[in-house]
Structures are given as C-alpha cells and as structure tokens.
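Following: one structure in structure tokens, then a few remarks.
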Amino acid sequence: MEIKTQSLKELYEKDFYLWVIENLKLLKNKEYDLVDWENLLEEIEDMARRELRSLISLMAVIMEHLYKWENFRESAYMGGSWKKSIINARSEIKKLFKDVPSLRQKAEQKESLEKAWQYAVINLVGWFEEAEDLAEKYFGRLPTEKDFPQECPYTFQQLMEYKPWREE
C-alpha cells in the first residue's frame, strides 16, 4: 500500500496501528522525505513521558502507603495491603530500571520526588473521602492537600528501602 505524506497524516487520526506500520516501512526503506515527521516526533516524546509518568505513579503509590503506615495505622492488623503495595511498586520500579536504566537518575531528582509526592497527597485526600471516620479522628473533617506536608518527606533511597513494618 503506497501512502503519500498527506494521507499518512490523515491515517494518524484514523488508524494509528497502520500509521505506525507505514512509517516504519518508510524508515526502513530510507524514504525519509515521506515520513510523517511531525506526528512521529510527537509520539517519540510521548513514549518518554509515558515511561516517566509510570515511574512517578509507582513512586506516588509507595509514598502514599508509607505515609499511611507512619501516620494512620490504627492496629497491628491494619496496613497489610499497604505493605504489599509498597513491595509490588518497588518491584515494578526495579523492572522499569532494568528496561530503562536512565530513568533511575530522573527518579532521584527532587523534581520527580516532589511530583510523586503531589500525586500521593491527591491519593491520600481521596482515601480519606472513603475513610471519613479516620478523617474525623485525625483532622476533625475531610482533609485537603494543605493538610499534608508541602515538601516530599521521603528520599529516593527511602522509597526503595525503608520498611517501617520491620521497625516495630
């Protein structure tokens, strides 16, 4: 199927899979002038952003559950799912680093830690909407983002190694 540049741009909106296959063929055949460069470059940028979003999301899960464990654990029976979630997210991050080693450096940056903390706080606020009795106990009302530390309370090393359940 011979596709011209303009129809390739239209294909991007109509059939993404076919658009990828056609651009791949053009690149393999070194027909660079026919490649839909505008959309291709956008997709490459988006691939990198997806990897980073995935990493930050996993870091946020760890932060959320560490924070719950440290501050809102009511009994020895509470928190098993948080512990499991932390362990699973750490495993996923390690796998991500095996596939994309350069993400480790990005993960350790203050900017990434802060963004992950912002997401963790959003999750904490949502959690208290479900656990209104705990919200009342700890805050006297449903908390907002302002009720949590504004700066990330964890280092990257703590995200990957800290096990508060072993310190009890």
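By convention here, the chains of the structure tokens are called A, B, ... in the order presented, each chain's residues are numbered starting at 1, and ligands are numbered starting at 1 in the order presented.
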
> Got a sec to tell me which of chain A DSSP assigns to alpha helix (DSSP H), as a PyMOL selection string?
Replying inline: chain A and resi 5-14+16-28+37-72+80-99+103-108+110-130+132-139+156-161

>> Neighbouring residues of stretch 57-63 of chain A were defined as those with any atom within 7 Å, considering only C-alpha atoms; residues of the same chain fewer than 2 positions away were excluded. Please report them as a ChimeraX atom specification.
In response: /A:53-55,65-67,86,89,93,116-117,119-120,159

Could you please take those selected residues and save N, CA and C atoms as a CSV table (one decimal), in the first residue's frame?
```
chain,number,residue,atom,x,y,z
A,53,ARG,N,5.9,9.0,33.5
A,53,ARG,CA,4.6,9.0,34.3
A,53,ARG,C,4.4,7.7,35.0
A,54,SER,N,4.8,6.6,34.4
A,54,SER,CA,4.7,5.3,35.1
A,54,SER,C,5.6,5.3,36.3
A,55,LEU,N,6.8,5.7,36.2
A,55,LEU,CA,7.7,5.8,37.3
A,55,LEU,C,7.2,6.7,38.4
A,65,HIS,N,1.5,5.0,50.7
A,65,HIS,CA,1.4,3.9,51.6
A,65,HIS,C,2.4,3.9,52.8
A,66,LEU,N,3.6,4.5,52.5
A,66,LEU,CA,4.5,4.7,53.6
A,66,LEU,C,3.9,5.7,54.6
A,67,TYR,N,3.3,6.8,54.0
A,67,TYR,CA,2.8,7.8,54.8
A,67,TYR,C,1.6,7.3,55.7
A,86,ILE,N,3.5,-1.5,48.5
A,86,ILE,CA,4.9,-0.9,48.5
A,86,ILE,C,5.8,-1.9,47.9
A,89,ALA,N,5.2,-2.1,44.1
A,89,ALA,CA,5.6,-0.9,43.4
A,89,ALA,C,7.1,-0.9,43.3
A,93,ILE,N,9.3,-0.8,39.9
A,93,ILE,CA,10.3,0.2,39.6
A,93,ILE,C,11.7,-0.4,39.2
A,116,ALA,N,5.8,13.2,42.5
A,116,ALA,CA,5.3,11.9,43.0
A,116,ALA,C,4.6,12.2,44.4
A,117,TRP,N,5.1,13.1,45.2
A,117,TRP,CA,4.5,13.4,46.5
A,117,TRP,C,3.2,14.1,46.2
A,119,TYR,N,1.2,13.7,43.8
A,119,TYR,CA,0.2,12.7,43.4
A,119,TYR,C,-0.2,11.8,44.6
A,120,ALA,N,0.8,11.6,45.5
A,120,ALA,CA,0.5,10.8,46.7
A,120,ALA,C,-0.5,11.5,47.6
A,159,LEU,N,12.3,5.5,49.6
A,159,LEU,CA,11.2,4.9,48.7
A,159,LEU,C,11.6,3.4,48.4
```

> What is the distance between atom CA of A:Val20 and atom CA of A:Ala48, in Å to one decimal?
Replying inline: 16.8 Å

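If only C-alpha atoms are the atoms counted, then among A:Ala76, A:Arg166, A:Thr144, A:Glu51 the closest residue to A:Ser102 is A:Glu51.
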
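Using only C-alpha atoms for every distance, the candidate list A:Lys14, A:Lys30, A:Lys137, A:Arg50 yields A:Arg50 as the residue closest to A:Val100.
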
>> Ranking A:Tyr17, A:Trp37, A:Tyr12, A:Phe72 by minimum distance to A:Phe128 and counting only C-alpha atoms, which one comes first?
In response: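 Once distances to A:Phe128 are computed over only C-alpha atoms, the minimum belongs to A:Phe72.
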
>> My list of candidates is A:Gln150, A:Asn71, A:Ser81, A:Thr155. Which is closest to A:Gln109 when distances are computed with only C-alpha atoms?
In response: A:Thr155

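Across the model, the gap from atom CA of A:Glu43 to atom CA of A:Pro101 is 20.6 Å.
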
> Smallest atom-to-atom distance to A:Ile87: which of A:Lys25, A:Lys9, A:Lys163, A:Arg73, using only C-alpha atoms?
Replying inline: A:Lys163

>> Can you tell me which residues surround A:Ala107 at a distance of at most 9 Å, considering only C-alpha atoms, apart from same-chain residues fewer than 5 positions away, and format the answer as a list in words?
In response: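 Listed by chain and then number, they are Leu52, Leu55, Ile56, Met59, Ser112, Leu113 and Phe156 of chain A.
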
Those residues with N, CA, C and O atoms, as an mmCIF file, in the first residue's frame please?
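Everything below was put into selection.cif:
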```
data_model
loop_
_atom_site.group_PDB
_atom_site.id
_atom_site.type_symbol
_atom_site.label_atom_id
_atom_site.label_comp_id
_atom_site.auth_asym_id
_atom_site.auth_seq_id
_atom_site.Cartn_x
_atom_site.Cartn_y
_atom_site.Cartn_z
ATOM 1 N N LEU A 52 8.168 8.011 32.162
ATOM 2 C CA LEU A 52 8.355 8.835 33.350
ATOM 3 C C LEU A 52 7.077 8.888 34.183
ATOM 4 O O LEU A 52 7.129 8.798 35.411
ATOM 5 N N LEU A 55 6.800 5.746 36.193
ATOM 6 C CA LEU A 55 7.728 5.783 37.317
ATOM 7 C C LEU A 55 7.181 6.653 38.441
ATOM 8 O O LEU A 55 7.145 6.240 39.610
ATOM 9 N N ILE A 56 6.737 7.841 38.112
ATOM 10 C CA ILE A 56 6.243 8.770 39.130
ATOM 11 C C ILE A 56 4.989 8.214 39.795
ATOM 12 O O ILE A 56 4.808 8.342 41.016
ATOM 13 N N MET A 59 6.136 5.646 42.275
ATOM 14 C CA MET A 59 6.730 6.323 43.427
ATOM 15 C C MET A 59 5.641 6.912 44.322
ATOM 16 O O MET A 59 5.740 6.862 45.551
ATOM 17 N N SER A 112 11.201 15.040 40.453
ATOM 18 C CA SER A 112 10.404 13.812 40.333
ATOM 19 C C SER A 112 9.822 13.402 41.677
ATOM 20 O O SER A 112 8.657 12.989 41.760
ATOM 21 N N LEU A 113 10.619 13.517 42.726
ATOM 22 C CA LEU A 113 10.134 13.186 44.063
ATOM 23 C C LEU A 113 8.975 14.109 44.452
ATOM 24 O O LEU A 113 7.964 13.654 45.000
ATOM 25 N N PHE A 156 14.673 9.236 47.723
ATOM 26 C CA PHE A 156 14.503 8.108 46.815
ATOM 27 C C PHE A 156 14.971 6.818 47.486
ATOM 28 O O PHE A 156 14.350 5.771 47.337
#
```

> Pick the closest to A:Tyr162 from A:Glu136, A:Glu42, A:Asp33, A:Glu70: which is it, counting only C-alpha atoms?
Replying inline: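 Answer, going by the shortest atom-to-atom distance: A:Glu70.
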